[in-house]
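Shown next: coords-v3.pdb, containing PDB, C-alpha atoms.
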```pdb
MODEL        1
ATOM      1  CA  MET Q   1     -33.899  20.242 -40.887  1.00  0.00           C
ATOM      2  CA  LYS Q   2     -33.347  16.690 -42.140  1.00  0.00           C
ATOM      3  CA  LYS Q   3     -29.838  16.668 -40.681  1.00  0.00           C
ATOM      4  CA  LEU Q   4     -31.158  17.752 -37.289  1.00  0.00           C
ATOM      5  CA  LEU Q   5     -33.813  15.041 -37.318  1.00  0.00           C
ATOM      6  CA  VAL Q   6     -31.267  12.372 -38.315  1.00  0.00           C
ATOM      7  CA  LEU Q   7     -28.914  13.587 -35.584  1.00  0.00           C
ATOM      8  CA  LEU Q   8     -31.664  13.387 -32.942  1.00  0.00           C
ATOM      9  CA  VAL Q   9     -32.615   9.873 -34.027  1.00  0.00           C
ATOM     10  CA  LEU Q  10     -28.955   8.833 -33.915  1.00  0.00           C
ATOM     11  CA  VAL Q  11     -28.455  10.272 -30.413  1.00  0.00           C
ATOM     12  CA  PHE Q  12     -31.621   8.588 -29.121  1.00  0.00           C
ATOM     13  CA  THR Q  13     -30.616   5.253 -30.688  1.00  0.00           C
ATOM     14  CA  CYS Q  14     -27.125   5.428 -29.174  1.00  0.00           C
ATOM     15  CA  GLN Q  15     -28.526   6.272 -25.753  1.00  0.00           C
ATOM     16  CA  MET Q  16     -30.938   3.332 -25.882  1.00  0.00           C
ATOM     17  CA  ALA Q  17     -28.140   1.000 -26.995  1.00  0.00           C
ATOM     18  CA  PHE Q  18     -26.255   1.690 -23.764  1.00  0.00           C
ATOM     19  CA  CYS Q  19     -29.259   1.277 -21.459  1.00  0.00           C
ATOM     20  CA  GLN Q  20     -29.259  -1.841 -19.331  1.00  0.00           C
ATOM     21  CA  THR Q  21     -32.238  -3.496 -17.770  1.00  0.00           C
ATOM     22  CA  TYR Q  22     -31.784  -5.476 -14.588  1.00  0.00           C
ATOM     23  CA  ASP Q  23     -32.751  -8.654 -16.453  1.00  0.00           C
ATOM     24  CA  GLU Q  24     -29.980  -8.017 -19.000  1.00  0.00           C
ATOM     25  CA  VAL Q  25     -27.451  -7.587 -16.200  1.00  0.00           C
ATOM     26  CA  ILE Q  26     -28.687 -10.737 -14.444  1.00  0.00           C
ATOM     27  CA  ASN Q  27     -28.587 -12.773 -17.666  1.00  0.00           C
ATOM     28  CA  LYS Q  28     -25.058 -11.609 -18.414  1.00  0.00           C
ATOM     29  CA  TYR Q  29     -23.676 -12.810 -15.068  1.00  0.00           C
ATOM     30  CA  LYS Q  30     -25.888 -15.603 -13.713  1.00  0.00           C
ATOM     31  CA  GLU Q  31     -24.059 -18.376 -15.620  1.00  0.00           C
ATOM     32  CA  LYS Q  32     -20.541 -17.203 -14.736  1.00  0.00           C
ATOM     33  CA  GLU Q  33     -18.375 -19.247 -12.415  1.00  0.00           C
ATOM     34  CA  GLY Q  34     -18.671 -18.187  -8.790  1.00  0.00           C
ATOM     35  CA  VAL Q  35     -22.053 -16.503  -9.303  1.00  0.00           C
ATOM     36  CA  GLU Q  36     -25.205 -17.589  -7.512  1.00  0.00           C
ATOM     37  CA  PHE Q  37     -28.620 -16.618  -8.846  1.00  0.00           C
ATOM     38  CA  THR Q  38     -31.855 -17.202  -6.960  1.00  0.00           C
ATOM     39  CA  GLU Q  39     -35.373 -16.347  -8.073  1.00  0.00           C
ATOM     40  CA  ILE Q  40     -38.037 -16.506  -5.384  1.00  0.00           C
ATOM     41  CA  PRO Q  41     -41.656 -16.537  -6.596  1.00  0.00           C
ATOM     42  CA  LYS Q  42     -44.562 -15.076  -4.609  1.00  0.00           C
ATOM     43  CA  MET Q  43     -45.617 -18.472  -3.257  1.00  0.00           C
ATOM     44  CA  LEU Q  44     -42.271 -19.049  -1.561  1.00  0.00           C
ATOM     45  CA  LEU Q  45     -42.117 -15.459  -0.353  1.00  0.00           C
ATOM     46  CA  SER Q  46     -45.448 -15.878   1.401  1.00  0.00           C
ATOM     47  CA  MET Q  47     -44.118 -18.997   3.143  1.00  0.00           C
ATOM     48  CA  ALA Q  48     -41.111 -17.021   4.407  1.00  0.00           C
ATOM     49  CA  LEU Q  49     -43.386 -14.436   5.975  1.00  0.00           C
ATOM     50  CA  THR Q  50     -44.846 -16.758   8.605  1.00  0.00           C
ATOM     51  CA  GLU Q  51     -42.651 -15.167  11.296  1.00  0.00           C
ATOM     52  CA  ALA Q  52     -43.052 -11.577  10.091  1.00  0.00           C
ATOM     53  CA  ASP Q  53     -45.194  -9.001  11.849  1.00  0.00           C
ATOM     54  CA  SER Q  54     -48.474  -7.827  10.311  1.00  0.00           C
ATOM     55  CA  GLN Q  55     -46.989  -4.594   8.893  1.00  0.00           C
ATOM     56  CA  THR Q  56     -44.226  -6.491   7.116  1.00  0.00           C
ATOM     57  CA  LYS Q  57     -46.723  -9.019   5.749  1.00  0.00           C
ATOM     58  CA  ALA Q  58     -48.870  -6.194   4.386  1.00  0.00           C
ATOM     59  CA  VAL Q  59     -45.886  -4.653   2.611  1.00  0.00           C
ATOM     60  CA  MET Q  60     -44.385  -7.904   1.335  1.00  0.00           C
ATOM     61  CA  LYS Q  61     -47.680  -9.205  -0.083  1.00  0.00           C
ATOM     62  CA  ASN Q  62     -47.228  -6.788  -2.991  1.00  0.00           C
ATOM     63  CA  ILE Q  63     -43.949  -8.391  -4.061  1.00  0.00           C
ATOM     64  CA  GLU Q  64     -44.521 -10.806  -6.931  1.00  0.00           C
ATOM     65  CA  CYS Q  65     -40.952 -12.036  -7.265  1.00  0.00           C
ATOM     66  CA  MET Q  66     -37.480 -11.493  -5.851  1.00  0.00           C
ATOM     67  CA  LYS Q  67     -34.290 -12.034  -7.815  1.00  0.00           C
ATOM     68  CA  ILE Q  68     -30.944 -12.247  -6.071  1.00  0.00           C
ATOM     69  CA  LEU Q  69     -27.639 -12.231  -7.944  1.00  0.00           C
ATOM     70  CA  GLU Q  70     -24.559 -12.834  -5.770  1.00  0.00           C
ATOM     71  CA  LEU Q  71     -21.077 -12.454  -7.218  1.00  0.00           C
ATOM     72  CA  ASN Q  72     -19.197 -13.192  -3.995  1.00  0.00           C
ATOM     73  CA  GLY Q  73     -17.265 -16.146  -5.467  1.00  0.00           C
ATOM     74  CA  CYS Q  74     -16.047 -14.253  -8.540  1.00  0.00           C
ATOM     75  CA  GLY Q  75     -12.763 -12.583  -9.292  1.00  0.00           C
ATOM     76  CA  GLU Q  76     -12.286  -8.844  -8.944  1.00  0.00           C
ATOM     77  CA  ALA Q  77     -12.449  -8.281 -12.720  1.00  0.00           C
ATOM     78  CA  VAL Q  78     -15.947  -9.795 -12.911  1.00  0.00           C
ATOM     79  CA  LYS Q  79     -17.135  -7.736  -9.930  1.00  0.00           C
ATOM     80  CA  LYS Q  80     -15.782  -4.508 -11.417  1.00  0.00           C
ATOM     81  CA  ASP Q  81     -17.402  -5.249 -14.782  1.00  0.00           C
ATOM     82  CA  PHE Q  82     -20.684  -6.017 -12.994  1.00  0.00           C
ATOM     83  CA  LEU Q  83     -20.594  -2.625 -11.259  1.00  0.00           C
ATOM     84  CA  VAL Q  84     -19.965  -0.897 -14.594  1.00  0.00           C
ATOM     85  CA  GLN Q  85     -22.916  -2.730 -16.172  1.00  0.00           C
ATOM     86  CA  ALA Q  86     -25.129  -2.031 -13.151  1.00  0.00           C
ATOM     87  CA  GLY Q  87     -24.199   1.652 -13.430  1.00  0.00           C
ATOM     88  CA  LYS Q  88     -25.593   1.689 -16.961  1.00  0.00           C
ATOM     89  CA  MET Q  89     -29.040   1.021 -15.496  1.00  0.00           C
ATOM     90  CA  GLU Q  90     -29.127   4.679 -14.426  1.00  0.00           C
ATOM     91  CA  SER Q  91     -30.335   5.706 -17.876  1.00  0.00           C
ATOM     92  CA  LYS Q  92     -33.196   3.183 -17.692  1.00  0.00           C
ATOM     93  CA  TYR Q  93     -34.332   3.548 -14.065  1.00  0.00           C
ATOM     94  CA  ASN Q  94     -34.614   6.343 -11.509  1.00  0.00           C
ATOM     95  CA  LYS Q  95     -31.710   6.378  -9.061  1.00  0.00           C
ATOM     96  CA  LEU Q  96     -33.161   6.792  -5.600  1.00  0.00           C
ATOM     97  CA  ILE Q  97     -30.014   6.508  -3.477  1.00  0.00           C
ATOM     98  CA  GLU Q  98     -26.297   6.125  -4.056  1.00  0.00           C
ATOM     99  CA  SER Q  99     -23.742   5.932  -1.283  1.00  0.00           C
ATOM    100  CA  ASN Q 100     -20.023   5.256  -1.370  1.00  0.00           C
ATOM    101  CA  GLU Q 101     -18.447   5.103   2.063  1.00  0.00           C
ATOM    102  CA  ASP Q 102     -15.688   3.028   3.618  1.00  0.00           C
ATOM    103  CA  GLY Q 103     -15.211   1.054   0.393  1.00  0.00           C
ATOM    104  CA  GLU Q 104     -18.877   0.052   0.224  1.00  0.00           C
ATOM    105  CA  THR Q 105     -21.110   1.050  -2.686  1.00  0.00           C
ATOM    106  CA  ASN Q 106     -24.906   0.931  -2.435  1.00  0.00           C
ATOM    107  CA  ILE Q 107     -27.282   2.018  -5.180  1.00  0.00           C
ATOM    108  CA  ILE Q 108     -31.061   1.788  -5.219  1.00  0.00           C
ATOM    109  CA  TYR Q 109     -32.867   2.137  -8.543  1.00  0.00           C
ATOM    110  CA  VAL Q 110     -36.627   2.326  -9.005  1.00  0.00           C
ATOM    111  CA  ASP Q 111     -38.635   1.337 -12.061  1.00  0.00           C
ATOM    112  CA  GLY Q 112     -41.501   3.763 -11.596  1.00  0.00           C
ATOM    113  CA  ASP Q 113     -42.068   6.917  -9.586  1.00  0.00           C
ATOM    114  CA  GLU Q 114     -42.277   7.868  -5.915  1.00  0.00           C
ATOM    115  CA  ASP Q 115     -45.841   6.644  -5.530  1.00  0.00           C
ATOM    116  CA  SER Q 116     -45.591   3.279  -7.215  1.00  0.00           C
ATOM    117  CA  ALA Q 117     -42.831   1.135  -8.616  1.00  0.00           C
ATOM    118  CA  LYS Q 118     -42.832  -1.989 -10.758  1.00  0.00           C
ATOM    119  CA  ALA Q 119     -39.423  -2.921  -9.411  1.00  0.00           C
ATOM    120  CA  ILE Q 120     -36.884  -1.849  -6.832  1.00  0.00           C
ATOM    121  CA  ILE Q 121     -33.283  -2.754  -7.649  1.00  0.00           C
ATOM    122  CA  VAL Q 122     -30.617  -2.720  -4.928  1.00  0.00           C
ATOM    123  CA  VAL Q 123     -26.947  -3.012  -5.955  1.00  0.00           C
ATOM    124  CA  SER Q 124     -24.440  -3.465  -3.148  1.00  0.00           C
ATOM    125  CA  ALA Q 125     -20.701  -4.086  -3.258  1.00  0.00           C
ATOM    126  CA  ASP Q 126     -17.673  -3.934  -1.004  1.00  0.00           C
ATOM    127  CA  ALA Q 127     -14.266  -5.627  -0.950  1.00  0.00           C
ATOM    128  CA  GLU Q 128     -15.746  -9.076  -0.244  1.00  0.00           C
ATOM    129  CA  GLU Q 129     -19.391  -9.079  -1.323  1.00  0.00           C
ATOM    130  CA  CYS Q 130     -21.145  -7.997  -4.490  1.00  0.00           C
ATOM    131  CA  GLN Q 131     -24.863  -8.504  -5.148  1.00  0.00           C
ATOM    132  CA  MET Q 132     -28.024  -7.244  -6.770  1.00  0.00           C
ATOM    133  CA  LEU Q 133     -31.480  -7.690  -5.276  1.00  0.00           C
ATOM    134  CA  VAL Q 134     -34.558  -7.068  -7.422  1.00  0.00           C
ATOM    135  CA  MET Q 135     -38.058  -6.886  -5.968  1.00  0.00           C
ATOM    136  CA  GLU Q 136     -40.802  -6.952  -8.598  1.00  0.00           C
ATOM    137  CA  GLY Q 137     -44.439  -6.173  -7.975  1.00  0.00           C
ATOM    138  CA  LYS Q 138     -46.675  -3.234  -7.209  1.00  0.00           C
ATOM    139  CA  LEU Q 139     -44.594  -1.426  -4.628  1.00  0.00           C
ATOM    140  CA  SER Q 140     -44.619   1.939  -2.925  1.00  0.00           C
ATOM    141  CA  LEU Q 141     -41.375   3.573  -1.963  1.00  0.00           C
ATOM    142  CA  SER Q 142     -42.723   4.264   1.500  1.00  0.00           C
ATOM    143  CA  SER Q 143     -42.659   0.507   2.063  1.00  0.00           C
ATOM    144  CA  LEU Q 144     -39.012   0.106   0.986  1.00  0.00           C
ATOM    145  CA  GLU Q 145     -37.624   0.730   4.486  1.00  0.00           C
ATOM    146  CA  LYS Q 146     -39.869  -1.940   6.006  1.00  0.00           C
ATOM    147  CA  ILE Q 147     -38.886  -4.437   3.295  1.00  0.00           C
ATOM    148  CA  MET Q 148     -35.193  -3.769   3.850  1.00  0.00           C
ATOM    149  CA  ASP Q 149     -35.574  -4.110   7.631  1.00  0.00           C
ATOM    150  CA  PHE Q 150     -37.233  -7.495   7.181  1.00  0.00           C
ATOM    151  CA  MET Q 151     -34.615  -8.665   4.677  1.00  0.00           C
ATOM    152  CA  GLY Q 152     -31.857  -7.611   7.067  1.00  0.00           C
ATOM    153  CA  GLY Q 153     -33.476  -9.485   9.921  1.00  0.00           C
ATOM    154  CA  GLU Q 154     -33.861  -6.462  12.166  1.00  0.00           C
ATOM    155  CA  ASP Q 155     -37.519  -7.244  12.905  1.00  0.00           C
ATOM    156  CA  ASN Q 156     -36.871 -10.903  13.625  1.00  0.00           C
ATOM    157  CA  ASP Q 157     -34.503 -10.629  16.581  1.00  0.00           C
TER     158      ASP Q 157
ENDMDL
END
```
Could I get this file's structure written as structure tokens?
Amino acid sequence: MKKLLVLLVLVFTCQMAFCQTYDEVINKYKEKEGVEFTEIPKMLLSMALTEADSQTKAVMKNIECMKILELNGCGEAVKKDFLVQAGKMESKYNKLIESNEDGETNIIYVDGDEDSAKAIIVVSADAEECQMLVMEGKLSLSSLEKIMDFMGGEDND
């Protein structure tokens, strides 16, 4: 019985050692050459919403902070390592979506459940661009589509 308990503790410890949080991934890469890191607090986000419609404002008001890590100016080795490290977040967060088509990888992780999330993490990479977007706050997944539309500029044409 003692051996089984020790084995379970060892397995759990090993699994936790390989978990990555988005902050750990950001901290690992934000100081590297060719990497741009931007943190946007709620105050600045609210200023950016002046041109948004009322639905978008209602959704975005729940975002406390956005963190953007762009690795576009890095070498391929750094980008590949970033994707490996970002993939390790799967054991820490719920993977909502993963797509790999035409050389483009997109992964959306959620820190929470389907009704409410503390953070939504979007990892996107292709041959030229590689980035991670983190939205922290009290978010519902039903609002994710509206947030992404606003961020992509589709509502602002």
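With only C-alpha atoms as the atoms that count, the minimum distance from Thr38 of chain Q to the choices Q:Ala86, Q:Val25, Q:Met60, Q:Cys65 is reached by Q:Cys65.
For the pair atom CA of Ala117 of chain Q and atom CA of Val35 of chain Q, the interatomic distance is 27.3 Å.
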Which polymer residues, whether protein, DNA or RNA, lie within 12 Å of the coordinate (-46.4, 4.7, -4.0) when you count only C-alpha atoms? List them as an mmCIF file with C-alpha atoms, in the coordinates of the input, using the chain letters and numbers from the file.
```cif
data_model
loop_
_atom_site.group_PDB
_atom_site.id
_atom_site.type_symbol
_atom_site.label_atom_id
_atom_site.label_comp_id
_atom_site.auth_asym_id
_atom_site.auth_seq_id
_atom_site.Cartn_x
_atom_site.Cartn_y
_atom_site.Cartn_z
ATOM 1 C CA VAL Q 59 -45.886 -4.653 2.611
ATOM 2 C CA ASN Q 62 -47.228 -6.788 -2.991
ATOM 3 C CA VAL Q 110 -36.627 2.326 -9.005
ATOM 4 C CA ASP Q 111 -38.635 1.337 -12.061
ATOM 5 C CA GLY Q 112 -41.501 3.763 -11.596
ATOM 6 C CA ASP Q 113 -42.068 6.917 -9.586
ATOM 7 C CA GLU Q 114 -42.277 7.868 -5.915
ATOM 8 C CA ASP Q 115 -45.841 6.644 -5.530
ATOM 9 C CA SER Q 116 -45.591 3.279 -7.215
ATOM 10 C CA ALA Q 117 -42.831 1.135 -8.616
ATOM 11 C CA LYS Q 118 -42.832 -1.989 -10.758
ATOM 12 C CA ALA Q 119 -39.423 -2.921 -9.411
ATOM 13 C CA ILE Q 120 -36.884 -1.849 -6.832
ATOM 14 C CA GLY Q 137 -44.439 -6.173 -7.975
ATOM 15 C CA LYS Q 138 -46.675 -3.234 -7.209
ATOM 16 C CA LEU Q 139 -44.594 -1.426 -4.628
ATOM 17 C CA SER Q 140 -44.619 1.939 -2.925
ATOM 18 C CA LEU Q 141 -41.375 3.573 -1.963
ATOM 19 C CA SER Q 142 -42.723 4.264 1.500
ATOM 20 C CA SER Q 143 -42.659 0.507 2.063
ATOM 21 C CA LEU Q 144 -39.012 0.106 0.986
#
```
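Taking atom CA of Glu39 of chain Q as the reference point, atom CA of Glu101 of chain Q is found at 29.1 Å.
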Give me the box for segment 119-128 of chain Q as lines of an AutoDock Vina configuration file, namely the centre and edge lengths in Å to one decimal of a box along x, y and z that holds every listed atom plus 3 Å on each side.
```
center_x = -26.8
center_y = -5.5
center_z = -4.8
size_x = 31.2
size_y = 13.2
size_z = 15.2
```
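What the PyMOL selection byres ((chain Q and resi 72) around 8) grabs from this file is Q:Gly34, Q:Val35, Q:Glu70, Q:Leu71, Q:Gly73, Q:Cys74, Q:Glu128, Q:Glu129, Q:Cys130, Q:Gln131.
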Determine the residue set returned by the PyMOL selection byres ((chain Q and resi 82) around 12) for the present structure, and present it as a PyMOL selection string.
chain Q and resi 20+22+24-30+32+35+69-72+74-81+83-89+123-125+130-132
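You can rank Q:Met135, Q:Thr50, Q:Glu104, Q:Gln55 by their closest distance to Asp23 of chain Q using all atoms listed in the file, and at the top of that list sits Q:Met135.
Pairwise distance (atom CA of Thr21 of chain Q, atom CA of Met47 of chain Q) equals 28.6 Å.
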Could you check which residues have any atom within 6 Å of (-29.4, -0.8, -4.2), counting only C-alpha atoms with coordinates taken straight from the file, and then list them as a PDB file with C-alpha atoms, in the frame of the given file?
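The file below, point_24.pdb, is the result:
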```
ATOM      1  CA  ASN Q 106     -24.906   0.931  -2.435  1.00  0.00           C
ATOM      2  CA  ILE Q 107     -27.282   2.018  -5.180  1.00  0.00           C
ATOM      3  CA  ILE Q 108     -31.061   1.788  -5.219  1.00  0.00           C
ATOM      4  CA  ILE Q 121     -33.283  -2.754  -7.649  1.00  0.00           C
ATOM      5  CA  VAL Q 122     -30.617  -2.720  -4.928  1.00  0.00           C
ATOM      6  CA  VAL Q 123     -26.947  -3.012  -5.955  1.00  0.00           C
ATOM      7  CA  SER Q 124     -24.440  -3.465  -3.148  1.00  0.00           C
TER       8      SER Q 124
END
```
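Using all atoms listed in the file, the protein and nucleic acid residues lying no more than 9 Å from Ile40 of chain Q, apart from those fewer than 5 places from it along its own chain, are Leu45, Glu64, Cys65, Met66, Lys67 and Ile68 of chain Q.
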Include C-alpha atoms and write out the residues we just selected as a compact mmCIF listing (two decimals), in the frame of the given file.
```
# COMPACT_ATOMS: atom_id res chain seq x y z
CA LEU Q 45 -42.12 -15.46 -0.35
CA GLU Q 64 -44.52 -10.81 -6.93
CA CYS Q 65 -40.95 -12.04 -7.26
CA MET Q 66 -37.48 -11.49 -5.85
CA LYS Q 67 -34.29 -12.03 -7.82
CA ILE Q 68 -30.94 -12.25 -6.07
```
Measuring atom to atom with all atoms listed in the file, identify which of Q:Leu133, Q:Ala127, Q:Ile63, Q:Ile97 is nearest to Ser46 of chain Q.
Q:Ile63
I'd like the residues picked by the PyMOL selection byres ((chain Q and resi 93) around 6) written out as an NGL selection string, using the chain letters and numbers from the file.
:Q and (90-92 or 94 or 109-111)
How would segment 91-110 of chain Q look with N, CA, C and O atoms restored, written as a CSV table (one decimal), in the frame of the given file?
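Final file, out.csv:
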```
chain,number,residue,atom,x,y,z
Q,91,SER,N,-29.6,5.1,-16.8
Q,91,SER,CA,-30.3,5.7,-17.9
Q,91,SER,C,-31.7,5.0,-18.1
Q,91,SER,O,-32.5,5.6,-18.8
Q,92,LYS,N,-31.9,3.9,-17.5
Q,92,LYS,CA,-33.2,3.2,-17.7
Q,92,LYS,C,-34.1,3.4,-16.5
Q,92,LYS,O,-35.3,3.4,-16.6
Q,93,TYR,N,-33.5,3.5,-15.3
Q,93,TYR,CA,-34.3,3.5,-14.1
Q,93,TYR,C,-34.0,4.8,-13.3
Q,93,TYR,O,-33.0,5.4,-13.5
Q,94,ASN,N,-34.9,5.2,-12.4
Q,94,ASN,CA,-34.6,6.3,-11.5
Q,94,ASN,C,-33.7,5.9,-10.4
Q,94,ASN,O,-34.0,5.0,-9.7
Q,95,LYS,N,-32.6,6.7,-10.2
Q,95,LYS,CA,-31.7,6.4,-9.1
Q,95,LYS,C,-32.3,7.1,-7.8
Q,95,LYS,O,-32.4,8.3,-7.8
Q,96,LEU,N,-32.6,6.3,-6.8
Q,96,LEU,CA,-33.2,6.8,-5.6
Q,96,LEU,C,-32.1,7.2,-4.6
Q,96,LEU,O,-32.1,8.2,-4.0
Q,97,ILE,N,-31.1,6.3,-4.4
Q,97,ILE,CA,-30.0,6.5,-3.5
Q,97,ILE,C,-28.7,6.0,-4.0
Q,97,ILE,O,-28.7,4.9,-4.7
Q,98,GLU,N,-27.6,6.7,-3.8
Q,98,GLU,CA,-26.3,6.1,-4.1
Q,98,GLU,C,-25.4,6.6,-2.9
Q,98,GLU,O,-25.4,7.7,-2.6
Q,99,SER,N,-24.7,5.6,-2.3
Q,99,SER,CA,-23.7,5.9,-1.3
Q,99,SER,C,-22.4,5.2,-1.5
Q,99,SER,O,-22.5,4.0,-1.9
Q,100,ASN,N,-21.4,5.8,-1.3
Q,100,ASN,CA,-20.0,5.3,-1.4
Q,100,ASN,C,-19.3,5.7,-0.1
Q,100,ASN,O,-18.8,6.8,0.0
Q,101,GLU,N,-19.2,4.8,0.9
Q,101,GLU,CA,-18.4,5.1,2.1
Q,101,GLU,C,-17.7,3.9,2.6
Q,101,GLU,O,-18.2,2.8,2.5
Q,102,ASP,N,-16.5,4.1,3.1
Q,102,ASP,CA,-15.7,3.0,3.6
Q,102,ASP,C,-15.5,1.8,2.7
Q,102,ASP,O,-15.6,0.7,3.1
Q,103,GLY,N,-15.4,2.1,1.4
Q,103,GLY,CA,-15.2,1.1,0.4
Q,103,GLY,C,-16.5,0.3,0.0
Q,103,GLY,O,-16.4,-0.7,-0.7
Q,104,GLU,N,-17.6,0.7,0.5
Q,104,GLU,CA,-18.9,0.1,0.2
Q,104,GLU,C,-19.7,0.9,-0.7
Q,104,GLU,O,-19.9,2.1,-0.4
Q,105,THR,N,-20.2,0.3,-1.7
Q,105,THR,CA,-21.1,1.0,-2.7
Q,105,THR,C,-22.5,0.5,-2.6
Q,105,THR,O,-22.7,-0.8,-2.6
Q,106,ASN,N,-23.5,1.3,-2.4
Q,106,ASN,CA,-24.9,0.9,-2.4
Q,106,ASN,C,-25.7,1.9,-3.4
Q,106,ASN,O,-25.6,3.1,-3.2
Q,107,ILE,N,-26.5,1.3,-4.3
Q,107,ILE,CA,-27.3,2.0,-5.2
Q,107,ILE,C,-28.7,1.4,-5.2
Q,107,ILE,O,-28.8,0.2,-5.3
Q,108,ILE,N,-29.7,2.3,-5.1
Q,108,ILE,CA,-31.1,1.8,-5.2
Q,108,ILE,C,-31.7,2.5,-6.4
Q,108,ILE,O,-31.7,3.7,-6.5
Q,109,TYR,N,-32.2,1.7,-7.4
Q,109,TYR,CA,-32.9,2.1,-8.5
Q,109,TYR,C,-34.3,1.8,-8.4
Q,109,TYR,O,-34.7,0.8,-7.8
Q,110,VAL,N,-35.2,2.6,-9.0
Q,110,VAL,CA,-36.6,2.3,-9.0
Q,110,VAL,C,-37.2,2.4,-10.4
Q,110,VAL,O,-36.8,3.3,-11.2
```
